[in-house]
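Input: a single structure, listed below in structure tokens.
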Amino acid sequence: MKICIIAEGSYPYVVGGVSSWIQSLISSMKEHEFVIYAIGAEKKDRGKFVYDMPENLLEIKEVFIDDFLDSKGRYGTKLKINENAKTSFYNLIIGNKTDFQPIFTFIKKLGYKDIGNFFMSKELFDIITKAYEENFEFIPFTEFFWNVRSMLLPIFYIIKSDIPKADIYHSVSTGYAGIVGSLAKDMYNVPYLLTEHGIYTREREEEIIKSTWVKGVFKDIWIKFFYNLSYTAYSSADNVITLFNRNKEVEIELGCKEEKITVIPNGVNVNDFLNIPKKPFNDDYINIGAVVRIVPIKDIKTMIQSFALVKEEIPNSKFYIMGPIEENKDYYEECIELVDSLEVQDVIFTGKVNIKEYVGKMDILVLSSISEGQPLAILEGMAMSKPFVATNVGSCKELLYGSNDGIGRSGYIVQSMNYEDMASNIVRLSKDYELRKSMGHNAFERVSKHYTLEYFIDRYKDLYKNMKR
């Protein structure tokens with residue numbers, strides 16, 4: 001069977017939970033062939049893969065959102081748009097629930113060169129003008145027009161790109177990846193499976209609210225646009241997989257039918273972590289670690305502020321931040337500046353490392369993310385019997401506290417951006433060896449019982465087998 005995995009902003013360009021999940025899925029199913037439809041932000045990343053490709057990965061189709069910037073057109077081009085397509089474009093622009101079927105049909109009928117012409121056409125101008133006059137006359141038209149254009153262009157470009165033919169399409173988020181999955185199902189009449197690690201719409205909403213590139217009422221327009229993309233993916237998907245129950249509840253709130261949703265947690269191979277290097281007996285430091293990408297959504301700055309307080313209470317402590325620094329170098333530099341301004345010692349940015357060589361030497365692990373799904377970093381840390389202090393995002397609370405499974409706590413949960421609470425719990429663990437040992441034991445027991453790689457892979461094998469037409 002050939003399976004096309006549709007990934008947005010992750011595999012194979014950046015390391016992290018979703019990318020590792022994809023690599024693990026492909027590597028564990030050698031009986032199937034895979035292709036990747038990879039949606040990236042910038043074409044400068046073309047071909048820059050950070051993973052060794054498994055033998056059963058046949059092809060990586062790369063599509064970059066900034067490629068649409070090269071689109072050119074002739075002003076005043078006349079194109080025929082039927083009424084159904086006009087209605088769909090209008091609804092998409094103003095944020096109403098949108099039927100994408102007429103949009104798919106219209107764009108596929110356009111020749112590639114006509115995309116630029118469409119965006120300069122009188123027909124689109126008239127649709128945008130109508131949306132503006134009926135809903136947004138209180139804002140400048142020029143700003144409205146260019147925001148709508150920026151919103152629609154990537155969708156057109158992605159829809160026009162060739163989608164490799166496969167037996168099953170599997171997107172690992174909604175958003176643009178979900179639109180590709182929905183279109184592929186429509187084009188080839190084959191099943192479409194959606195897995196959501198985090199809730200895409202909520203993550204985009206958070207980013208837009210905090211952003212400086214979009215302001216005022218345009219924030220609401222963009223947020224509704226991404227909600228529309230997700231609703232389309234939920235509606236088209238034959239099955240929707242999420243990682244934990246809270247995510248399932250949110251997906252239902254966002255319009256996904258409950259009967260479509262199945263919970264399949266992530267899993268790790270506990271045996272892979274049995275013989276890792278341990279902390280030397282002559283190491284008198286309390287080693288605190290974070291396995292994390294250095295990007296804003298992981299909120300590295302809260303970790304650093306927290307460790308500054310820990311260092312005052314626990315002078316013999318070190319903080320290892322283990323993860324690549326290249327993904328957002330500006331943010332990395334801001335973190336370095338924060339370390340310098342706080343004058344805190346023993347903060348070590350390791351860059352990308354083999355975590356098996358480091359994590360076994362840690363006493364405590366930390367996660368301070370603003371948003372998560374079911375963090376692989378926590379599962380792997382639990383497999384190495386490490387206690388955690390983590391923010392109350394995604395399934396972190398369920399992982400550390402359990403769901404009435406009879407296993408004790410394996411760490412502490414704190415609210416996002418609360419570096420004082422994070423620090424006090426790290427200090428509590430730092431001062432109590434037996435507590436660290438007990439929580440580490442609970443962590444290993446929970447991951448071994450509920451979050452194994454074998455269970456995760458077997459569930460997806462069954463899904464693929466049952467979905468094939």
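Here, A, B, ... name the chains of the structure tokens in the order displayed, residue numbers run from 1 inside each chain, and ligands are numbered from 1 in the same displayed order.
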
Per residue of range 307-378 of chain A within 12 Å of range 21-34 of chain A, what are the shortest atom pair and its distance in Å to one decimal, counting only C-alpha atoms, with rows by chain and residue number, as a tab-separated table?
residue	atom	partner	partner_atom	distance
A:Gly373	CA	A:Trp21	CA	12.0
A:Gln374	CA	A:Trp21	CA	10.8
A:Pro375	CA	A:Trp21	CA	10.3
A:Leu376	CA	A:Trp21	CA	8.2
A:Ala377	CA	A:Trp21	CA	11.3

* Find the spatial neighbours of Met467 in chain A, counting only C-alpha atoms, within a cut-off of 12 Å - ignore same-chain residues fewer than 5 positions away - and output them as a list of chain:residue names. =>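 Contacts, in chain order: A:Met1, A:Ile3, A:Asp167, A:Ile168, A:Tyr169, A:His170, A:Val190, A:Pro191, A:Tyr192, A:Leu193, A:Ala237, A:Asp238, A:Asn239, A:Tyr460, A:Lys461, A:Asp462.
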
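Residues in contact with Gly198 in chain A at up to 10 Å, not including ones fewer than 4 positions away on its chain and judged by only C-alpha atoms, are Val18, Val172, Ser173, Thr174, Arg202, Glu203, Thr242, Leu243, Phe244, Asn247, Ser371, Glu372, Gly373, Gln374, Pro375, Val393, Gly394 and Ser395 of chain A.
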
Could you write out that same residue set with N, CA and C atoms as a compact mmCIF listing (two decimals), in the first residue's frame?
# COMPACT_ATOMS: atom_id res chain seq x y z
N VAL A 18 6.48 16.15 16.22
CA VAL A 18 5.71 15.70 15.05
C VAL A 18 6.63 15.04 14.03
N VAL A 172 -1.00 15.35 9.00
CA VAL A 172 -0.67 15.34 10.42
C VAL A 172 -0.99 16.69 11.06
N SER A 173 -1.90 17.41 10.43
CA SER A 173 -2.50 18.61 11.02
C SER A 173 -3.66 19.00 10.13
N THR A 174 -4.42 19.97 10.58
CA THR A 174 -5.44 20.57 9.70
C THR A 174 -4.72 21.68 8.91
N ARG A 202 -6.18 26.55 17.31
CA ARG A 202 -5.90 27.26 18.56
C ARG A 202 -4.46 27.79 18.56
N GLU A 203 -3.55 27.02 17.99
CA GLU A 203 -2.15 27.47 17.91
C GLU A 203 -2.02 28.68 17.00
N THR A 242 -6.70 11.75 17.47
CA THR A 242 -6.08 12.70 18.38
C THR A 242 -5.36 11.92 19.47
N LEU A 243 -4.55 12.61 20.26
CA LEU A 243 -3.63 11.92 21.16
C LEU A 243 -4.15 11.75 22.57
N PHE A 244 -5.15 12.56 22.94
CA PHE A 244 -5.67 12.47 24.31
C PHE A 244 -7.07 13.07 24.35
N ASN A 247 -8.06 16.93 23.80
CA ASN A 247 -8.04 17.34 22.39
C ASN A 247 -9.32 16.91 21.68
N SER A 371 2.17 25.91 24.18
CA SER A 371 1.21 25.03 23.52
C SER A 371 1.90 23.71 23.20
N GLU A 372 1.19 22.61 23.36
CA GLU A 372 1.73 21.28 23.06
C GLU A 372 0.59 20.35 22.68
N GLY A 373 0.94 19.22 22.10
CA GLY A 373 0.01 18.13 21.95
C GLY A 373 0.31 17.13 23.05
N GLN A 374 1.02 16.06 22.65
CA GLN A 374 1.48 15.07 23.62
C GLN A 374 3.00 14.96 23.43
N PRO A 375 3.75 15.71 24.23
CA PRO A 375 5.17 15.90 23.93
C PRO A 375 5.99 14.61 23.97
N VAL A 393 -0.20 22.26 29.57
CA VAL A 393 -0.61 22.38 28.17
C VAL A 393 -0.72 20.98 27.58
N GLY A 394 -1.57 20.85 26.56
CA GLY A 394 -1.73 19.56 25.91
C GLY A 394 -2.06 18.47 26.91
N SER A 395 -1.35 17.34 26.78
CA SER A 395 -1.62 16.21 27.67
C SER A 395 -0.59 16.09 28.79

* To do: Have a look at CA of Met439 in chain A and CA of Leu400 in chain A and let me know their distance in Å, one decimal.
  => 9.0 Å

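Interatomic distance, CA of Phe104 in chain A against CA of Lys2 in chain A: 23.7 Å.
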
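By chain and then residue number, the residues within 9 Å of Ile321 in chain A are A:Ile288, A:Gly289, A:Ala290, A:Val291, A:Val292, A:Arg293, A:Ile294, A:Ile300, A:Val347, A:Ile348, A:Phe349, A:Thr350, A:Gly351, counting only C-alpha atoms and disregarding those fewer than 4 positions away in sequence.
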
* Structure fact -> What separates CA of Val180 in chain A and CA of Ser19 in chain A is a distance of 18.4 Å

* **Spatial neighbours of Met187 in chain A, 12 Å, only C-alpha atoms, chain gap at least 6 places, as number ranges by chain** => A: 101, 104-105, 108, 159, 162-166, 169, 180-181

* Would you list, as a list in words, the residues of range 205-235 of chain A that end up in helix (DSSP H, G or I) under DSSP run on this structure's backbone? => Glu205, Glu206, Glu207, Ile208, Ile209, Lys210, Val217, Phe218, Lys219, Asp220, Ile221, Trp222, Ile223, Lys224, Phe225, Phe226, Tyr227, Asn228, Leu229, Ser230, Tyr231, Thr232, Ala233, Tyr234 and Ser235 of chain A

Output for the residues just chosen: C-alpha atoms as a tab-separated table (two decimals), in the first residue's frame:
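Writing done, so here's selection_12.tsv:
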chain	number	residue	atom	x	y	z
A	205	GLU	CA	-5.11	31.88	16.91
A	206	GLU	CA	-2.54	32.31	19.69
A	207	GLU	CA	0.16	33.31	17.21
A	208	ILE	CA	-2.09	35.81	15.44
A	209	ILE	CA	-3.27	37.44	18.67
A	210	LYS	CA	0.36	37.99	19.69
A	217	VAL	CA	-9.91	43.57	12.83
A	218	PHE	CA	-7.56	41.72	10.47
A	219	LYS	CA	-6.62	39.42	13.34
A	220	ASP	CA	-10.23	38.24	13.48
A	221	ILE	CA	-10.34	37.76	9.70
A	222	TRP	CA	-7.21	35.60	9.73
A	223	ILE	CA	-8.35	33.57	12.74
A	224	LYS	CA	-11.69	32.77	11.07
A	225	PHE	CA	-9.82	31.81	7.91
A	226	PHE	CA	-7.77	29.17	9.74
A	227	TYR	CA	-10.87	27.90	11.55
A	228	ASN	CA	-12.44	27.43	8.12
A	229	LEU	CA	-9.47	25.37	6.92
A	230	SER	CA	-9.73	23.11	9.95
A	231	TYR	CA	-13.49	22.68	9.64
A	232	THR	CA	-12.98	21.57	6.02
A	233	ALA	CA	-10.41	18.97	7.08
A	234	TYR	CA	-12.68	17.64	9.85
A	235	SER	CA	-15.58	17.39	7.41

* Asked: Contacts of Gly381 in chain A at 9 Å or less, counting only C-alpha atoms, minus same-chain residues fewer than 5 places along, as a list in words?
  -> Val291, Val359, Gly360, Leu365, Leu376, Lys386, Pro387, Phe388, Ala443 and Phe444 of chain A

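Proximity to Val214 in chain A was assessed for A:Asn147, A:Asn392, A:Thr452, A:Ser88 counting only C-alpha atoms; the smallest distance is recorded for A:Asn147.
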
* Spatial neighbours of Leu152 in chain A, max dist 10 Å, only C-alpha atoms, sep filter under 4 positions, as JSON, numbers by chain -> {"A": [89, 92, 93, 119, 146, 147, 148, 156, 157, 225]}

* From A:Ile6, A:Met362, A:Thr262, A:Gly17, residue lying nearest Ala184 in chain A [only C-alpha atoms] ->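 For Ala184 in chain A, the nearest of the given residues is A:Ile6.
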